[in-house]
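This is work_36.cif. It holds mmCIF, C-alpha atoms.
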```
data_model
loop_
_atom_site.label_atom_id
_atom_site.label_comp_id
_atom_site.auth_asym_id
_atom_site.auth_seq_id
_atom_site.Cartn_x
_atom_site.Cartn_y
_atom_site.Cartn_z
CA MET A 11 6.00 59.31 0.78
CA THR A 12 3.61 58.79 3.67
CA THR A 13 3.08 62.54 4.04
CA ALA A 14 3.05 62.96 0.28
CA GLY A 15 0.60 60.07 0.10
CA GLN A 16 -1.72 61.72 2.62
CA VAL A 17 -1.59 64.93 0.61
CA LEU A 18 -2.41 63.05 -2.59
CA TYR A 19 -5.27 61.33 -0.79
CA ALA A 20 -6.61 64.71 0.37
CA ARG A 21 -6.37 66.06 -3.17
CA SER A 22 -8.02 62.94 -4.60
CA ARG A 23 -11.04 63.76 -2.42
CA ALA A 24 -10.97 67.41 -3.53
CA LEU A 25 -10.45 68.48 0.08
CA PRO A 26 -8.90 71.88 -0.77
CA ALA A 27 -11.98 72.82 -2.81
CA THR A 28 -14.25 71.41 -0.09
CA LEU A 29 -12.57 73.55 2.58
CA VAL A 30 -13.04 76.65 0.43
CA ALA A 31 -16.70 75.75 -0.17
CA LEU A 32 -17.31 75.22 3.57
CA ALA A 33 -15.72 78.57 4.38
CA GLY A 34 -17.90 80.17 1.69
CA THR A 35 -21.01 78.51 3.15
CA ALA A 36 -20.16 79.84 6.60
CA ALA A 37 -19.57 83.34 5.23
CA PHE A 38 -22.89 83.19 3.40
CA ALA A 39 -24.63 82.08 6.61
CA VAL A 40 -23.10 85.00 8.54
CA TRP A 41 -24.22 87.40 5.83
CA ALA A 42 -27.75 85.94 5.71
CA ALA A 43 -28.14 85.87 9.50
CA ALA A 44 -27.06 89.50 9.78
CA ARG A 45 -29.97 90.54 7.57
CA LEU A 46 -32.63 88.87 9.71
CA ASP A 47 -32.76 91.44 12.55
CA SER A 48 -32.81 88.49 14.92
CA TYR A 49 -32.19 90.74 17.94
CA LEU A 50 -35.91 91.47 17.68
CA ASP A 51 -36.86 87.79 17.68
CA PRO A 52 -34.35 84.86 17.72
CA ASP A 53 -36.93 82.71 15.94
CA ARG A 54 -36.16 84.67 12.78
CA ARG A 55 -32.95 82.65 12.59
CA VAL A 56 -34.81 79.44 11.74
CA PRO A 57 -34.13 79.67 7.97
CA VAL A 58 -30.39 80.03 8.56
CA VAL A 59 -30.26 77.35 11.25
CA ALA A 60 -32.15 74.92 9.01
CA LEU A 61 -30.59 75.68 5.62
CA ALA A 62 -26.94 76.52 6.29
CA PRO A 63 -26.19 73.03 7.69
CA LEU A 64 -27.96 71.61 4.66
CA LEU A 65 -25.60 73.45 2.32
CA ALA A 66 -22.58 72.42 4.38
CA ALA A 67 -23.74 68.79 4.37
CA ALA A 68 -24.15 68.92 0.58
CA VAL A 69 -20.56 70.17 0.24
CA ILE A 70 -19.31 67.40 2.52
CA GLY A 71 -21.40 64.77 0.76
CA VAL A 72 -20.06 65.57 -2.69
CA SER A 73 -16.50 65.37 -1.34
CA LEU A 74 -17.10 61.77 -0.29
CA SER A 75 -16.98 60.59 -3.90
CA SER A 76 -14.05 58.76 -5.45
CA PRO A 77 -13.60 59.02 -9.22
CA SER A 78 -11.30 56.01 -9.03
CA ASP A 79 -13.41 53.73 -6.89
CA GLU A 80 -12.45 50.58 -8.77
CA LEU A 81 -8.74 51.15 -8.13
CA ASP A 82 -9.35 52.25 -4.55
CA ARG A 83 -10.88 48.86 -3.87
CA THR A 84 -7.57 47.17 -4.61
CA ALA A 85 -5.76 49.22 -1.97
CA VAL A 86 -3.73 47.40 0.63
CA ARG A 87 -4.55 50.19 3.12
CA PRO A 88 -7.80 49.81 5.06
CA TRP A 89 -10.19 52.58 4.07
CA TRP A 90 -12.19 53.06 7.25
CA PRO A 91 -9.64 55.23 9.12
CA ARG A 92 -9.40 57.63 6.16
CA ARG A 93 -13.18 57.76 5.69
CA LEU A 94 -13.67 58.37 9.40
CA ALA A 95 -11.05 61.12 9.49
CA GLN A 96 -12.49 62.79 6.40
CA LEU A 97 -16.09 62.74 7.59
CA ALA A 98 -15.31 63.66 11.19
CA GLY A 99 -12.86 66.39 10.22
CA LEU A 100 -15.17 68.11 7.74
CA THR A 101 -18.17 67.81 10.06
CA ALA A 102 -16.17 69.27 12.94
CA LEU A 103 -15.04 72.15 10.77
CA ALA A 104 -18.61 72.92 9.68
CA ALA A 105 -19.77 72.63 13.29
CA VAL A 106 -17.17 75.21 14.31
CA LEU A 107 -17.71 77.66 11.44
CA LEU A 108 -21.49 77.74 11.05
CA PRO A 109 -22.46 78.67 14.65
CA VAL A 110 -20.54 81.93 14.22
CA ALA A 111 -23.54 83.08 12.16
CA VAL A 112 -25.97 82.68 15.06
CA LEU A 113 -24.12 83.58 18.26
CA GLY A 114 -26.24 84.01 21.38
CA HIS A 115 -29.67 82.64 22.31
CA PRO A 116 -28.41 79.08 22.85
CA GLU A 117 -31.76 77.89 24.23
CA THR A 118 -33.60 78.71 20.98
CA PHE A 119 -31.91 79.11 17.60
CA GLY A 120 -28.28 79.71 18.49
CA PRO A 121 -25.05 77.71 18.21
CA PRO A 122 -26.41 74.46 19.76
CA ALA A 123 -29.22 74.23 17.19
CA MET A 124 -26.76 74.96 14.38
CA ILE A 125 -24.36 72.25 15.60
CA ARG A 126 -27.20 69.75 16.03
CA ASN A 127 -28.48 70.39 12.52
CA THR A 128 -24.97 70.15 11.07
CA LEU A 129 -24.60 66.71 12.65
CA GLY A 130 -28.06 65.56 11.54
CA CYS A 131 -27.79 66.80 7.95
CA THR A 132 -24.28 65.40 7.57
CA GLY A 133 -25.45 62.04 8.93
CA VAL A 134 -28.33 61.83 6.46
CA THR A 135 -25.99 62.87 3.64
CA ALA A 136 -23.34 60.32 4.61
CA ALA A 137 -25.97 57.56 4.64
CA ALA A 138 -27.14 58.69 1.21
CA ALA A 139 -23.55 58.64 -0.08
CA ALA A 140 -23.23 55.03 1.06
CA LEU A 141 -26.59 53.95 -0.36
CA LEU A 142 -27.09 56.17 -3.43
CA GLY A 143 -23.64 57.49 -4.28
CA ALA A 144 -21.88 60.71 -3.35
CA ARG A 145 -22.99 62.80 -6.32
CA LEU A 146 -26.65 62.73 -5.27
CA SER A 147 -25.99 62.39 -1.56
CA TRP A 148 -27.34 65.89 -0.87
CA LEU A 149 -30.77 65.04 -2.26
CA PRO A 150 -32.44 63.09 0.61
CA ALA A 151 -31.36 65.63 3.25
CA PHE A 152 -32.49 68.46 0.99
CA GLY A 153 -35.88 66.83 0.48
CA TYR A 154 -36.34 66.00 4.14
CA VAL A 155 -35.32 69.34 5.58
CA SER A 156 -37.36 71.19 2.94
CA ALA A 157 -40.42 69.09 3.74
CA VAL A 158 -39.98 69.65 7.48
CA TYR A 159 -39.39 73.36 7.00
CA LEU A 160 -42.55 73.75 4.94
CA GLY A 161 -44.77 71.22 6.72
CA SER A 162 -44.00 71.33 10.41
CA ALA A 163 -45.42 74.78 11.23
CA GLY A 164 -48.86 73.55 12.28
CA ALA A 165 -47.82 70.14 13.57
CA HIS A 166 -48.45 69.20 17.21
CA GLY A 167 -47.56 66.34 19.53
CA SER A 168 -44.46 65.11 21.30
CA ALA A 169 -43.17 63.28 18.20
CA VAL A 170 -42.79 66.58 16.36
CA THR A 171 -39.67 67.35 18.37
CA VAL A 172 -38.11 64.22 16.89
CA TRP A 173 -39.14 64.17 13.22
CA ALA A 174 -38.99 67.95 12.87
CA TRP A 175 -35.50 68.15 14.41
CA PRO A 176 -34.13 70.63 11.84
CA VAL A 177 -36.51 73.39 13.01
CA GLN A 178 -36.51 72.69 16.76
CA PRO A 179 -34.93 75.01 19.37
CA GLY A 180 -31.46 74.13 20.58
CA ALA A 181 -32.57 72.89 23.98
CA GLN A 182 -34.93 70.23 22.61
CA PRO A 183 -33.68 66.73 23.69
CA GLY A 184 -35.82 64.82 21.15
CA ALA A 185 -34.34 66.80 18.28
CA TRP A 186 -30.81 66.18 19.57
CA ALA A 187 -31.50 62.45 19.84
CA ALA A 188 -32.77 62.32 16.25
CA ALA A 189 -29.85 64.33 14.83
CA LEU A 190 -27.23 62.40 16.78
CA GLY A 191 -28.87 59.14 15.73
CA ALA A 192 -28.77 60.21 12.08
CA PHE A 193 -25.10 61.16 12.39
CA ALA A 194 -24.17 57.90 14.11
CA VAL A 195 -26.02 55.67 11.64
CA GLY A 196 -25.06 57.63 8.53
CA GLY A 197 -21.47 58.03 9.64
CA ALA A 198 -21.12 54.33 10.44
CA LEU A 199 -22.65 53.35 7.07
CA PHE A 200 -20.22 55.55 5.17
CA VAL A 201 -17.16 54.61 7.21
CA VAL A 202 -17.82 50.88 6.80
CA ARG A 203 -19.07 50.78 3.20
CA GLY A 204 -17.70 53.93 1.60
CA ALA A 205 -19.60 55.85 -1.03
CA ARG A 206 -21.54 53.70 -3.44
CA ALA A 207 -19.74 53.25 -6.76
CA GLU A 208 -21.01 55.47 -9.55
CA GLY A 209 -20.45 55.77 -13.27
CA PRO A 210 -19.78 53.17 -15.92
CA ARG A 211 -18.25 49.86 -15.01
CA GLY A 212 -17.30 47.18 -17.51
CA MET B 5 -9.95 29.07 -9.33
CA THR B 6 -12.39 26.21 -8.96
CA GLY B 7 -16.16 26.13 -9.40
CA LEU B 8 -16.23 29.90 -9.73
CA ARG B 9 -19.69 31.41 -9.96
CA VAL B 10 -20.46 35.12 -10.11
CA ARG B 11 -23.92 36.63 -10.13
CA HIS B 12 -25.00 40.17 -10.93
CA ARG B 13 -28.45 40.47 -9.42
CA ARG B 14 -30.47 37.90 -11.40
CA THR B 15 -27.96 37.14 -14.13
CA VAL B 16 -25.12 34.67 -13.88
CA ALA B 17 -21.92 36.31 -15.17
CA LEU B 18 -19.66 33.29 -14.59
CA ASP B 19 -20.65 29.71 -13.96
CA SER B 20 -18.56 26.67 -13.01
CA VAL B 21 -15.29 28.22 -14.11
CA ASP B 22 -12.20 26.17 -13.32
CA LEU B 23 -8.94 27.79 -14.35
CA ALA B 24 -5.31 27.60 -13.31
CA LEU B 25 -3.06 30.35 -14.64
CA GLY B 26 0.69 30.34 -14.30
CA THR B 27 3.49 32.65 -15.36
CA GLY B 28 2.97 34.04 -18.85
CA VAL B 29 0.52 36.20 -20.76
CA HIS B 30 -3.02 34.84 -20.76
CA GLY B 31 -5.47 36.29 -23.26
CA LEU B 32 -9.14 36.37 -22.27
CA LEU B 33 -11.33 36.45 -25.34
CA GLY B 34 -15.08 36.35 -25.77
CA PRO B 35 -18.07 38.30 -27.00
CA ASN B 36 -19.60 41.15 -25.01
CA GLY B 37 -21.19 39.85 -21.83
CA ALA B 38 -19.14 36.65 -21.86
CA GLY B 39 -17.86 37.30 -18.34
CA LYS B 40 -14.34 38.59 -19.06
CA THR B 41 -14.65 41.71 -16.90
CA SER B 42 -16.38 39.76 -14.13
CA LEU B 43 -13.49 37.29 -14.07
CA ILE B 44 -10.89 40.07 -13.98
CA ARG B 45 -12.76 41.87 -11.17
CA VAL B 46 -12.90 38.71 -9.07
CA LEU B 47 -9.19 38.14 -9.61
CA ALA B 48 -8.55 41.78 -8.68
CA THR B 49 -10.45 41.16 -5.40
CA VAL B 50 -12.86 44.04 -6.06
CA ALA B 51 -15.79 41.63 -6.50
CA GLY B 52 -16.49 38.42 -4.65
CA PRO B 53 -17.70 35.14 -6.12
CA SER B 54 -21.11 33.81 -5.11
CA ALA B 55 -19.64 30.30 -5.15
CA GLY B 56 -16.32 28.63 -5.75
CA ARG B 57 -12.80 29.24 -4.58
CA VAL B 58 -10.17 31.66 -5.81
CA GLU B 59 -6.56 31.25 -4.84
CA LEU B 60 -4.10 33.97 -5.76
CA LEU B 61 -0.38 33.71 -5.10
CA GLY B 62 -1.07 30.73 -2.88
CA ARG B 63 -3.62 32.56 -0.70
CA ASP B 64 -7.38 32.01 -0.58
CA THR B 65 -8.99 35.38 -1.36
CA ALA B 66 -11.95 34.51 0.86
CA GLU B 67 -9.64 34.95 3.85
CA HIS B 68 -9.82 38.58 4.86
CA ARG B 69 -6.29 38.57 6.24
CA ALA B 70 -4.89 37.39 2.92
CA LEU B 71 -6.39 40.25 0.93
CA GLY B 72 -3.86 42.90 1.96
CA GLU B 73 -0.89 40.75 1.05
CA VAL B 74 -2.42 39.65 -2.25
CA ARG B 75 -3.43 43.19 -3.24
CA GLY B 76 0.09 44.43 -2.64
CA ARG B 77 1.37 41.92 -5.17
CA LEU B 78 -1.15 42.48 -7.93
CA GLY B 79 -1.69 45.20 -10.49
CA TYR B 80 -5.04 46.05 -12.03
CA LEU B 81 -6.19 48.17 -14.93
CA PRO B 82 -10.01 48.37 -14.97
CA GLN B 83 -11.93 49.17 -18.14
CA GLU B 84 -12.77 52.58 -16.66
CA PHE B 85 -10.17 53.54 -14.11
CA GLY B 86 -11.54 56.98 -13.29
CA TYR B 87 -8.39 59.02 -12.80
CA TYR B 88 -8.25 62.24 -10.77
CA PRO B 89 -8.26 65.02 -13.36
CA GLY B 90 -6.14 67.41 -11.26
CA PHE B 91 -3.34 64.90 -10.84
CA THR B 92 -0.26 64.80 -13.00
CA VAL B 93 0.87 61.47 -14.41
CA ARG B 94 3.57 61.20 -11.73
CA GLU B 95 1.15 62.09 -8.91
CA PHE B 96 -1.43 59.55 -10.01
CA VAL B 97 1.06 56.71 -10.28
CA SER B 98 2.56 57.78 -6.90
CA TYR B 99 -0.92 57.76 -5.36
CA VAL B 100 -1.50 54.17 -6.48
CA ALA B 101 1.93 53.20 -5.12
CA TRP B 102 0.84 54.72 -1.80
CA LEU B 103 -2.43 52.75 -1.91
CA LYS B 104 -0.32 49.62 -2.39
CA GLU B 105 1.77 50.56 0.65
CA MET B 106 5.00 50.48 -1.30
CA PRO B 107 8.01 51.46 0.81
CA ALA B 108 8.47 55.24 0.60
CA ALA B 109 12.15 54.96 -0.29
CA ARG B 110 11.42 52.78 -3.31
CA THR B 111 8.44 54.68 -4.62
CA PRO B 112 9.97 57.56 -6.63
CA ALA B 113 12.21 55.23 -8.65
CA ALA B 114 9.37 52.76 -9.17
CA VAL B 115 7.11 55.56 -10.41
CA GLU B 116 9.76 56.83 -12.84
CA ARG B 117 10.35 53.31 -14.13
CA ALA B 118 6.63 52.58 -14.63
CA VAL B 119 6.02 55.89 -16.41
CA ALA B 120 9.04 55.33 -18.64
CA ARG B 121 7.93 51.81 -19.55
CA VAL B 122 4.70 53.15 -21.04
CA GLY B 123 6.55 55.89 -22.92
CA LEU B 124 5.30 58.84 -20.88
CA ALA B 125 8.55 59.94 -19.23
CA ASP B 126 8.46 63.27 -21.07
CA ARG B 127 4.88 63.88 -19.92
CA ALA B 128 5.22 62.83 -16.28
CA ASP B 129 4.39 66.31 -15.02
CA ARG B 130 1.44 66.91 -17.33
CA LYS B 131 -2.08 66.93 -15.86
CA ILE B 132 -3.88 63.75 -16.88
CA ARG B 133 -6.86 65.73 -18.11
CA THR B 134 -4.67 67.32 -20.80
CA LEU B 135 -3.64 63.96 -22.28
CA SER B 136 -5.21 62.13 -25.20
CA GLY B 137 -7.31 59.01 -24.63
CA GLY B 138 -4.47 56.72 -25.64
CA MET B 139 -2.08 58.43 -23.25
CA VAL B 140 -4.58 58.20 -20.40
CA ARG B 141 -4.78 54.47 -21.09
CA ARG B 142 -0.99 54.31 -20.82
CA VAL B 143 -1.19 56.11 -17.47
CA GLY B 144 -3.56 53.35 -16.43
CA ILE B 145 -1.04 50.73 -17.47
CA ALA B 146 1.73 52.59 -15.60
CA GLN B 147 -0.24 52.58 -12.33
CA ALA B 148 -0.93 48.86 -12.79
CA ILE B 149 2.76 47.99 -13.05
CA VAL B 150 4.22 50.46 -10.53
CA ASN B 151 4.50 47.82 -7.81
CA ALA B 152 6.14 45.26 -10.14
CA PRO B 153 3.13 42.97 -9.67
CA GLU B 154 3.36 39.21 -9.69
CA VAL B 155 -0.21 39.09 -11.01
CA LEU B 156 -1.19 41.75 -13.54
CA LEU B 157 -4.82 42.09 -14.60
CA LEU B 158 -5.57 44.26 -17.62
CA ASP B 159 -9.12 44.84 -18.83
CA GLU B 160 -9.14 46.12 -22.43
CA PRO B 161 -5.67 47.67 -22.10
CA THR B 162 -5.27 48.51 -25.78
CA ALA B 163 -8.56 50.42 -26.14
CA GLY B 164 -7.65 53.85 -27.52
CA LEU B 165 -4.03 53.00 -28.34
CA ASP B 166 -2.84 53.72 -31.87
CA PRO B 167 -1.18 50.90 -33.90
CA GLU B 168 2.36 51.92 -32.95
CA GLN B 169 1.46 52.11 -29.28
CA ARG B 170 -0.23 48.71 -29.50
CA VAL B 171 2.91 47.15 -30.96
CA GLU B 172 4.97 48.68 -28.13
CA PHE B 173 2.41 47.53 -25.58
CA ARG B 174 2.59 43.95 -26.86
CA GLU B 175 6.35 44.09 -26.37
CA LEU B 176 5.80 45.31 -22.81
CA LEU B 177 3.34 42.47 -22.22
CA ARG B 178 5.88 39.91 -23.37
CA GLU B 179 8.48 41.42 -21.03
CA LEU B 180 6.10 41.38 -18.05
CA GLY B 181 4.87 37.88 -18.84
CA ALA B 182 8.38 36.50 -18.52
CA SER B 183 8.24 36.80 -14.74
CA ALA B 184 4.58 37.47 -13.85
CA THR B 185 1.11 36.08 -14.47
CA VAL B 186 -0.49 38.56 -16.84
CA VAL B 187 -4.20 38.28 -17.67
CA VAL B 188 -5.39 40.44 -20.56
CA SER B 189 -9.04 40.80 -21.46
CA THR B 190 -9.47 41.98 -25.04
CA HIS B 191 -11.64 41.91 -28.12
CA LEU B 192 -8.60 42.17 -30.35
CA VAL B 193 -7.69 38.68 -31.46
CA GLU B 194 -4.51 39.93 -33.15
CA ASP B 195 -3.21 41.20 -29.78
CA VAL B 196 -3.66 37.71 -28.38
CA ALA B 197 -1.91 36.16 -31.37
CA ALA B 198 1.04 38.53 -31.00
CA ALA B 199 1.55 38.71 -27.26
CA CYS B 200 -0.13 35.86 -25.40
CA THR B 201 1.22 32.49 -24.42
CA GLU B 202 -2.22 31.05 -23.63
CA VAL B 203 -5.77 31.79 -24.67
CA THR B 204 -9.00 31.33 -22.73
CA LEU B 205 -12.24 31.90 -24.59
CA LEU B 206 -15.31 32.68 -22.50
CA ASP B 207 -18.90 32.53 -23.67
CA SER B 208 -22.01 33.14 -21.56
CA GLY B 209 -20.02 32.81 -18.36
CA ARG B 210 -18.37 29.50 -19.20
CA VAL B 211 -14.97 28.51 -20.50
CA ALA B 212 -15.52 27.72 -24.16
CA TYR B 213 -11.95 27.03 -25.18
CA ARG B 214 -8.45 26.86 -23.73
CA GLY B 215 -5.29 26.60 -25.71
CA THR B 216 -2.48 28.65 -27.18
CA PRO B 217 -2.60 31.20 -29.98
CA ASP B 218 -1.05 28.53 -32.20
CA THR B 219 -3.74 25.95 -31.46
CA LEU B 220 -6.47 28.56 -32.02
CA THR B 221 -4.84 29.52 -35.32
CA ALA B 222 -4.60 25.86 -36.32
CA LEU B 223 -8.32 25.48 -35.56
CA GLY B 224 -8.98 28.37 -37.92
CA GLU B 225 -6.87 26.90 -40.69
CA THR B 226 -9.14 23.87 -40.83
CA SER B 227 -12.32 25.94 -40.54
CA ASP B 228 -14.28 27.76 -43.24
CA GLY B 229 -16.07 30.06 -40.77
CA PRO B 230 -16.04 33.85 -40.95
CA GLY B 231 -12.86 35.81 -40.28
CA ASP B 232 -10.06 37.44 -42.25
CA HIS B 233 -7.22 35.64 -40.51
CA PRO B 234 -6.84 32.04 -39.34
CA ILE B 235 -6.92 33.03 -35.64
CA GLU B 236 -10.19 34.95 -36.17
CA ARG B 237 -11.66 31.91 -37.89
CA GLY B 238 -10.36 29.79 -35.03
CA TYR B 239 -12.08 32.12 -32.55
CA THR B 240 -15.39 31.79 -34.39
CA ALA B 241 -15.03 28.04 -34.82
CA ALA B 242 -14.28 27.53 -31.12
CA LEU B 243 -17.27 29.64 -30.11
CA ARG B 244 -19.62 27.77 -32.43
CA ALA B 245 -18.35 24.40 -31.29
CA HIS B 246 -18.92 25.38 -27.66
CA ARG B 247 -22.42 26.66 -28.36
CA ALA B 248 -23.31 23.46 -30.21
CA THR B 249 -22.16 21.46 -27.19
CA GLU B 250 -24.21 23.64 -24.85
CA VAL B 251 -27.33 23.13 -26.96
CA LEU B 252 -26.90 19.35 -26.76
CA ARG B 253 -26.73 19.47 -22.91
#
```
How would this structure read if it were set down as structure tokens?
Amino acid sequence: MTTAGQVLYARSRALPATLVALAGTAAFAVWAAARLDSYLDPDRRVPVVALAPLLAAAVIGVSLSSPSDELDRTAVRPWWPRRLAQLAGLTALAAVLLPVAVLGHPETFGPPAMIRNTLGCTGVTAAAAALLGARLSWLPAFGYVSAVYLGSAGAHGSAVTVWAWPVQPGAQPGAWAAALGAFAVGGALFVVRGARAEGPRG
Amino acid sequence: MTGLRVRHRRTVALDSVDLALGTGVHGLLGPNGAGKTSLIRVLATVAGPSAGRVELLGRDTAEHRALGEVRGRLGYLPQEFGYYPGFTVREFVSYVAWLKEMPAARTPAAVERAVARVGLADRADRKIRTLSGGMVRRVGIAQAIVNAPEVLLLDEPTAGLDPEQRVEFRELLRELGASATVVVSTHLVEDVAAACTEVTLLDSGRVAYRGTPDTLTALGETSDGPGDHPIERGYTAALRAHRATEVLR
């Protein structure tokens, strides 16, 4: 029953559908990156490096929901190990699949930047799941990355490398610090609190 | 529970509630917003009180270490239990048994027994999303009893059940109440009259009346308040008497 229980838990979190969606996101990223002619200029990869992790984070965020939250709260089992395994496992999978779209040029917009953005976007999404609920967890990351993508082009100063982390080259330490910080804080919030309850409650 | 107080943001859902519930079927009655669901959720350990003490099965629920043991010995049917649409009846009840950490060897038989007790044995392999509302409610009851709970908390369990199913459910309640503490929140006074051994009436977060279905019926027989049956008149009379007392305070 333990194995069967783990399988039921995975299905309760729609993990099979989430895995398919992550694979589809990675395939889409590979397809999009191949059309950018990035061998001419690696900077052309910025849209894929910024947006593909956002899509993957949205997929992961939605999977953090529990339709039966009220019953889950009466579980004898502690939830944090399962939440941690789910978040870490899906993030690791996305961090392995997405960089395939942008192989090479690690110092600019290659695999390191893709991994960093996957961690950062997933962290923001996990925090949103804990604070807003899983269904809308994609929204803050979507708003933030979109704003940075549109607004950071003319920005100057050392702080830009931190707040504009989704569009920074892979070798930028400030961007890594911001993304890792977002993942640590967001991940910890979700693992400890779980996704915020949604829907009607009597 | 003693001195129980529950707040939802700025509103007080329960205030100064002192209750001791033993083996039997306890009906929780009261108008909308009286605090019935808040009381059930506190007893189910999914919500915490802002003041007061709750002891379940001899353990203080404020002690974190006691929660696991208590949760393994209670069953809970929320008003909205939010099933997983892709699960079959058997899978959903098995999943809850797994959440309760029931021994793996005992689980399949316990699941079959719980599903059979709510009359869904012939639909155990049907997806829950294909069932009618009344059947989904019975799935909810099956998951609540799968671990043979010593404390069973049911919030509006008969909502969506047809008359025949309600009669069968009352019979099940009487069976369960013979060995467990069953708390049933309902708006249906006739369910309380038929199945409960004790009645607690809540109003505006306070206990307005405690007694048995017989004493509530007797109150209605001497009352000329609204209601088609004596127990309904008793319900109304008890509420009005409580509200008159509250006004005088």
| query | Given the file above and the PyMOL selection byres ((chain B) within 8 of (chain A)), which residues are selected, and can you give them as number ranges by chain? | reply | B: 41, 48-50, 71-73, 75-76, 80-88, 95, 98-100, 102-105, 108-109, 111
Please save C-alpha atoms of the selected residues as a short mmCIF file (atom, residue, chain, number, x, y, z; two decimals), in the coordinates of the input.
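Written file, result22.cif:
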```
data_model
loop_
_atom_site.label_atom_id
_atom_site.label_comp_id
_atom_site.auth_asym_id
_atom_site.auth_seq_id
_atom_site.Cartn_x
_atom_site.Cartn_y
_atom_site.Cartn_z
CA THR B 41 -14.65 41.71 -16.90
CA ALA B 48 -8.55 41.78 -8.68
CA THR B 49 -10.45 41.16 -5.40
CA VAL B 50 -12.86 44.04 -6.06
CA LEU B 71 -6.39 40.25 0.93
CA GLY B 72 -3.86 42.90 1.96
CA GLU B 73 -0.89 40.75 1.05
CA ARG B 75 -3.43 43.19 -3.24
CA GLY B 76 0.09 44.43 -2.64
CA TYR B 80 -5.04 46.05 -12.03
CA LEU B 81 -6.19 48.17 -14.93
CA PRO B 82 -10.01 48.37 -14.97
CA GLN B 83 -11.93 49.17 -18.14
CA GLU B 84 -12.77 52.58 -16.66
CA PHE B 85 -10.17 53.54 -14.11
CA GLY B 86 -11.54 56.98 -13.29
CA TYR B 87 -8.39 59.02 -12.80
CA TYR B 88 -8.25 62.24 -10.77
CA GLU B 95 1.15 62.09 -8.91
CA SER B 98 2.56 57.78 -6.90
CA TYR B 99 -0.92 57.76 -5.36
CA VAL B 100 -1.50 54.17 -6.48
CA TRP B 102 0.84 54.72 -1.80
CA LEU B 103 -2.43 52.75 -1.91
CA LYS B 104 -0.32 49.62 -2.39
CA GLU B 105 1.77 50.56 0.65
CA ALA B 108 8.47 55.24 0.60
CA ALA B 109 12.15 54.96 -0.29
CA THR B 111 8.44 54.68 -4.62
#
```
| said: Every residue with an atom at most 10 Å from (-17.0, 28.0, -29.8) (file coordinates; all atoms listed in the file) is what I'm after, so could you write them as a VMD selection string? | reply: chain B and resid 34 205 to 207 211 to 213 238 to 250
Any chance you can output those residues with C-alpha atoms as a CSV table (one decimal), in the coordinates of the input?
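What ended up in again.csv:
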```csv
chain,number,residue,atom,x,y,z
B,34,GLY,CA,-15.1,36.4,-25.8
B,205,LEU,CA,-12.2,31.9,-24.6
B,206,LEU,CA,-15.3,32.7,-22.5
B,207,ASP,CA,-18.9,32.5,-23.7
B,211,VAL,CA,-15.0,28.5,-20.5
B,212,ALA,CA,-15.5,27.7,-24.2
B,213,TYR,CA,-12.0,27.0,-25.2
B,238,GLY,CA,-10.4,29.8,-35.0
B,239,TYR,CA,-12.1,32.1,-32.6
B,240,THR,CA,-15.4,31.8,-34.4
B,241,ALA,CA,-15.0,28.0,-34.8
B,242,ALA,CA,-14.3,27.5,-31.1
B,243,LEU,CA,-17.3,29.6,-30.1
B,244,ARG,CA,-19.6,27.8,-32.4
B,245,ALA,CA,-18.4,24.4,-31.3
B,246,HIS,CA,-18.9,25.4,-27.7
B,247,ARG,CA,-22.4,26.7,-28.4
B,248,ALA,CA,-23.3,23.5,-30.2
B,249,THR,CA,-22.2,21.5,-27.2
B,250,GLU,CA,-24.2,23.6,-24.8
```
| task | Carefully work through the PyMOL selection byres ((chain A and resi 53) around 12) for this structure and note down the residues it includes, as a list in words. | result |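 When the PyMOL selection byres ((chain A and resi 53) around 12) is applied, the selected residues are Ala43, Leu46, Asp47, Ser48, Tyr49, Leu50, Asp51, Pro52, Arg54, Arg55, Val56, Pro57, Val58, Val59, Ala60, Val112, His115, Pro116, Glu117, Thr118, Phe119, Gly120, Ala123, Val177, Gln178, Pro179 and Gly180 of chain A.
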Okay, now the selection with C-alpha atoms, as a JSON list (two decimals), in the coordinates of the input?
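What landed in selection.json:
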```
[["chain", "number", "residue", "atom", "x", "y", "z"],
["A", 43, "ALA", "CA", -28.14, 85.87, 9.50],
["A", 46, "LEU", "CA", -32.63, 88.87, 9.71],
["A", 47, "ASP", "CA", -32.76, 91.44, 12.55],
["A", 48, "SER", "CA", -32.81, 88.49, 14.92],
["A", 49, "TYR", "CA", -32.19, 90.74, 17.94],
["A", 50, "LEU", "CA", -35.91, 91.47, 17.68],
["A", 51, "ASP", "CA", -36.86, 87.79, 17.68],
["A", 52, "PRO", "CA", -34.35, 84.86, 17.72],
["A", 54, "ARG", "CA", -36.16, 84.67, 12.78],
["A", 55, "ARG", "CA", -32.95, 82.65, 12.59],
["A", 56, "VAL", "CA", -34.81, 79.44, 11.74],
["A", 57, "PRO", "CA", -34.13, 79.67, 7.97],
["A", 58, "VAL", "CA", -30.39, 80.03, 8.56],
["A", 59, "VAL", "CA", -30.26, 77.35, 11.25],
["A", 60, "ALA", "CA", -32.15, 74.92, 9.01],
["A", 112, "VAL", "CA", -25.97, 82.68, 15.06],
["A", 115, "HIS", "CA", -29.67, 82.64, 22.31],
["A", 116, "PRO", "CA", -28.41, 79.08, 22.85],
["A", 117, "GLU", "CA", -31.76, 77.89, 24.23],
["A", 118, "THR", "CA", -33.60, 78.71, 20.98],
["A", 119, "PHE", "CA", -31.91, 79.11, 17.60],
["A", 120, "GLY", "CA", -28.28, 79.71, 18.49],
["A", 123, "ALA", "CA", -29.22, 74.23, 17.19],
["A", 177, "VAL", "CA", -36.51, 73.39, 13.01],
["A", 178, "GLN", "CA", -36.51, 72.69, 16.76],
["A", 179, "PRO", "CA", -34.93, 75.01, 19.37],
["A", 180, "GLY", "CA", -31.46, 74.13, 20.58]]
```
